[in-house]
Amino acid sequence: MTILKIVNLSRTYMKGQVEIPALRDISFDVEDGEFVSIVGRSGSGKSTLLNLVGGLDTPTAGQIVFKDRDLAGMKRSGLALHRRKSVGMVFQSFNLVPHRTALENVVLALTFGGVPRRERKPMASGLLSRVGLSHRLDHRPAELSGGEAQRVAIARALANSPEMLLLDEPTGNLDTLTAGEIIDLVQGLNRDRGLTALMVTHEKDTAEAVSNRVIRLLDGRIAESSGRRRVP
Ligand SMILES: Nc1ncnc2c1ncn2[C@@H]1O[C@H](COP(=O)(O)OP(=O)(O)OP(=O)(O)O)[C@@H](O)[C@H]1O
Ligand SMILES: [Mg+2]
């Protein structure tokens, strides 16, 4: 089944009077259960693409069909629901709430997702143990290592059982060893739980090692798409 269908997608930013075409007429599909990586030079449009799929931004032209619903035609409320329920996002800079503990950061996502109060803490604790962090529930972001902070962000992204994980350079701030552990974690979620993943990365080797397919962007266009493999 196709979970995401991108059709003739363009996003042009206006900087004063100057048009900046960040994405130009892009089309591709993602099948349920696939792990797709997006690579490309700085400024090629990777984050723009991920933000559009995550409902954080709206396109200038084209369609983003997520399970038969076009995000391009959605109102703010529809996009907010998409962000809360359908996708889980993970960023290079973790984006955790600084004065909250690991547990509270995940609880917060469950609150936004409408999980009843009494279920939130046990659920958050379960999610954190799934990412190997049961021993750091009471640590604030500043009291966590980069790898641990990213695990909290992944637990938070999983909180409302999303259908797709969107990761924008999730290992960009981590050393090689820690980066490998985070990639293993994401790969495990994809392989063992069938969670669809769309990941932006600078590391072509990692992309080729872990994903079904690698899409390379160049100046806002798809320059290359390789390695498609059937998903079981
Ligand atoms: N809000 C904005 N206003 C104007 N231009 C923008 C805006 N956001 C991005 N751009 C421009 O759009 C282009 C694509 O940016 P984008 O952030 O998608 O690149 P990227 O591939 O993620 O790069 P990096 O690898 O450095 O993260 C760049 O030329 C950038 O300067
Ligand atoms: Mg980027």
# chains A, B, ... in the order shown; residues from 1 in each chain; ligands from 1

$ closest_atom_pairs --of "chain A" --to "ligand 2" --cutoff "9 Å" --atoms "only C-alpha atoms and all ligand atoms" --output "tab-separated table"
residue	atom	partner	partner_atom_place_in_ligand_line	distance
A:Ser42	CA	ligand 2	1 (Mg)	6.8
A:Gly43	CA	ligand 2	1 (Mg)	7.0
A:Ser44	CA	ligand 2	1 (Mg)	8.3
A:Gly45	CA	ligand 2	1 (Mg)	7.1
A:Lys46	CA	ligand 2	1 (Mg)	5.5
A:Ser47	CA	ligand 2	1 (Mg)	4.1
A:Thr48	CA	ligand 2	1 (Mg)	7.2
A:Leu50	CA	ligand 2	1 (Mg)	8.7
A:Gln92	CA	ligand 2	1 (Mg)	9.0
A:Asp168	CA	ligand 2	1 (Mg)	6.8
A:Glu169	CA	ligand 2	1 (Mg)	7.4
A:Val200	CA	ligand 2	1 (Mg)	7.8
A:Thr201	CA	ligand 2	1 (Mg)	8.8

$ closest_atom_pairs --of "chain A" --to "ligand 1" --cutoff "12 Å" --atoms "only C-alpha atoms and all ligand atoms" --output "tab-separated table"
residue	atom	partner	partner_atom_place_in_ligand_line	distance
A:Ser10	CA	ligand 1	12 (O)	11.3
A:Arg11	CA	ligand 1	12 (O)	8.5
A:Thr12	CA	ligand 1	12 (O)	7.7
A:Tyr13	CA	ligand 1	4 (C)	4.8
A:Met14	CA	ligand 1	4 (C)	6.0
A:Lys15	CA	ligand 1	4 (C)	5.5
A:Gly16	CA	ligand 1	4 (C)	9.2
A:Gln17	CA	ligand 1	4 (C)	11.2
A:Val18	CA	ligand 1	4 (C)	9.2
A:Glu19	CA	ligand 1	4 (C)	8.4
A:Ile20	CA	ligand 1	5 (N)	6.0
A:Pro21	CA	ligand 1	12 (O)	6.6
A:Ala22	CA	ligand 1	12 (O)	4.1
A:Leu23	CA	ligand 1	14 (C)	7.3
A:Arg24	CA	ligand 1	14 (C)	10.6
A:Ile38	CA	ligand 1	21 (O)	9.1
A:Val39	CA	ligand 1	21 (O)	8.0
A:Gly40	CA	ligand 1	21 (O)	6.3
A:Arg41	CA	ligand 1	25 (O)	5.8
A:Ser42	CA	ligand 1	25 (O)	3.4
A:Gly43	CA	ligand 1	19 (O)	3.4
A:Ser44	CA	ligand 1	21 (O)	4.0
A:Gly45	CA	ligand 1	18 (O)	3.2
A:Lys46	CA	ligand 1	21 (O)	3.8
A:Ser47	CA	ligand 1	22 (O)	3.7
A:Thr48	CA	ligand 1	18 (O)	3.7
A:Leu49	CA	ligand 1	18 (O)	6.5
A:Leu50	CA	ligand 1	18 (O)	8.1
A:Asn51	CA	ligand 1	18 (O)	8.5
A:Leu52	CA	ligand 1	18 (O)	10.0
A:Leu56	CA	ligand 1	1 (N)	11.5
A:Asp57	CA	ligand 1	1 (N)	9.6
A:Thr58	CA	ligand 1	1 (N)	11.6
A:Phe91	CA	ligand 1	27 (O)	10.6
A:Gln92	CA	ligand 1	27 (O)	9.4
A:Ser93	CA	ligand 1	27 (O)	11.6
A:Leu167	CA	ligand 1	22 (O)	11.5
A:Asp168	CA	ligand 1	22 (O)	8.0
A:Glu169	CA	ligand 1	27 (O)	8.0
A:Pro170	CA	ligand 1	27 (O)	11.4
A:Gly172	CA	ligand 1	27 (O)	9.8
A:Met199	CA	ligand 1	22 (O)	11.4
A:Val200	CA	ligand 1	22 (O)	8.0
A:Thr201	CA	ligand 1	25 (O)	8.0
A:His202	CA	ligand 1	25 (O)	7.1
A:Glu203	CA	ligand 1	25 (O)	10.8
A:Arg216	CA	ligand 1	21 (O)	10.1
A:Leu217	CA	ligand 1	21 (O)	7.8
A:Leu218	CA	ligand 1	21 (O)	8.6
A:Asp219	CA	ligand 1	14 (C)	7.9
A:Gly220	CA	ligand 1	14 (C)	7.1
A:Arg221	CA	ligand 1	14 (C)	10.8
A:Ile222	CA	ligand 1	21 (O)	11.9

$ closest_residue --among "A:Ser161, A:Leu4, A:Ile64, A:Asp70" --to "A:Leu110" --atoms "only C-alpha atoms"
A:Ser161

$ residues_around --residues "A:Gly62" --least-positions-apart "4" --cutoff "8 Å" --atoms "only C-alpha atoms" --output "list in words"
Ile6, Val7, Asn8, Leu9, Ser10, Asp25 and Ala72 of chain A

$ write_last_selection --atoms "N, CA and C atoms" --output "mmCIF file, in the first residue's frame"
data_model
loop_
_atom_site.group_PDB
_atom_site.id
_atom_site.type_symbol
_atom_site.label_atom_id
_atom_site.label_comp_id
_atom_site.auth_asym_id
_atom_site.auth_seq_id
_atom_site.Cartn_x
_atom_site.Cartn_y
_atom_site.Cartn_z
ATOM 1 N N ILE A 6 3.728 11.882 -3.353
ATOM 2 C CA ILE A 6 4.115 13.274 -3.610
ATOM 3 C C ILE A 6 3.972 13.510 -5.105
ATOM 4 N N VAL A 7 3.166 14.497 -5.474
ATOM 5 C CA VAL A 7 2.898 14.723 -6.890
ATOM 6 C C VAL A 7 3.200 16.170 -7.284
ATOM 7 N N ASN A 8 4.173 16.334 -8.186
ATOM 8 C CA ASN A 8 4.523 17.650 -8.728
ATOM 9 C C ASN A 8 4.637 18.722 -7.647
ATOM 10 N N LEU A 9 5.338 18.363 -6.582
ATOM 11 C CA LEU A 9 5.434 19.248 -5.424
ATOM 12 C C LEU A 9 6.483 20.348 -5.617
ATOM 13 N N SER A 10 6.060 21.580 -5.380
ATOM 14 C CA SER A 10 6.991 22.709 -5.414
ATOM 15 C C SER A 10 6.807 23.571 -4.177
ATOM 16 N N ASP A 25 8.967 20.802 -8.507
ATOM 17 C CA ASP A 25 8.249 19.772 -9.250
ATOM 18 C C ASP A 25 8.746 18.349 -8.939
ATOM 19 N N ALA A 72 -2.020 19.344 1.062
ATOM 20 C CA ALA A 72 -2.039 20.649 0.401
ATOM 21 C C ALA A 72 -3.414 21.313 0.508
#

$ select_by_dssp --residues "stretch 25-96 of chain A" --states "alpha helix (DSSP H)" --output "count of residues only"
14

$ select_by_dssp --residues "stretch 10-58 of chain A" --states "strand (DSSP E)" --output "PyMOL selection string"
chain A and resi 10-15+18-31+35-39

$ residues_around --residues "A:Ile183" --least-positions-apart "4" --cutoff "9 Å" --atoms "only C-alpha atoms" --output "compact mmCIF listing (two decimals) with N, CA and C atoms, in the first residue's frame"
# COMPACT_ATOMS: atom_id res chain seq x y z
N PRO A 170 19.00 13.06 12.06
CA PRO A 170 18.90 12.73 13.49
C PRO A 170 20.26 12.49 14.15
N THR A 171 21.30 12.23 13.34
CA THR A 171 22.61 11.95 13.94
C THR A 171 23.61 13.08 13.69
N THR A 178 27.81 6.89 18.59
CA THR A 178 26.46 7.18 19.06
C THR A 178 25.49 7.26 17.89
N ALA A 179 25.97 7.86 16.80
CA ALA A 179 25.14 7.96 15.60
C ALA A 179 24.72 6.57 15.14
N GLN A 187 16.38 1.80 12.66
CA GLN A 187 16.26 0.66 11.76
C GLN A 187 15.44 -0.47 12.40
N GLY A 188 15.64 -0.65 13.71
CA GLY A 188 14.88 -1.67 14.44
C GLY A 188 13.39 -1.36 14.44
N THR A 206 25.55 5.53 5.23
CA THR A 206 24.51 5.13 6.17
C THR A 206 23.20 4.94 5.43
N VAL A 210 21.10 1.35 5.38
CA VAL A 210 19.88 1.10 6.16
C VAL A 210 18.57 1.20 5.39

$ atom_distance --atom1 "atom CA of A:Thr2" --atom2 "atom CA of A:Lys204"
24.9 Å

$ atom_distance --atom1 "atom CA of A:Leu189" --atom2 "atom CA of A:Ala124"
16.8 Å
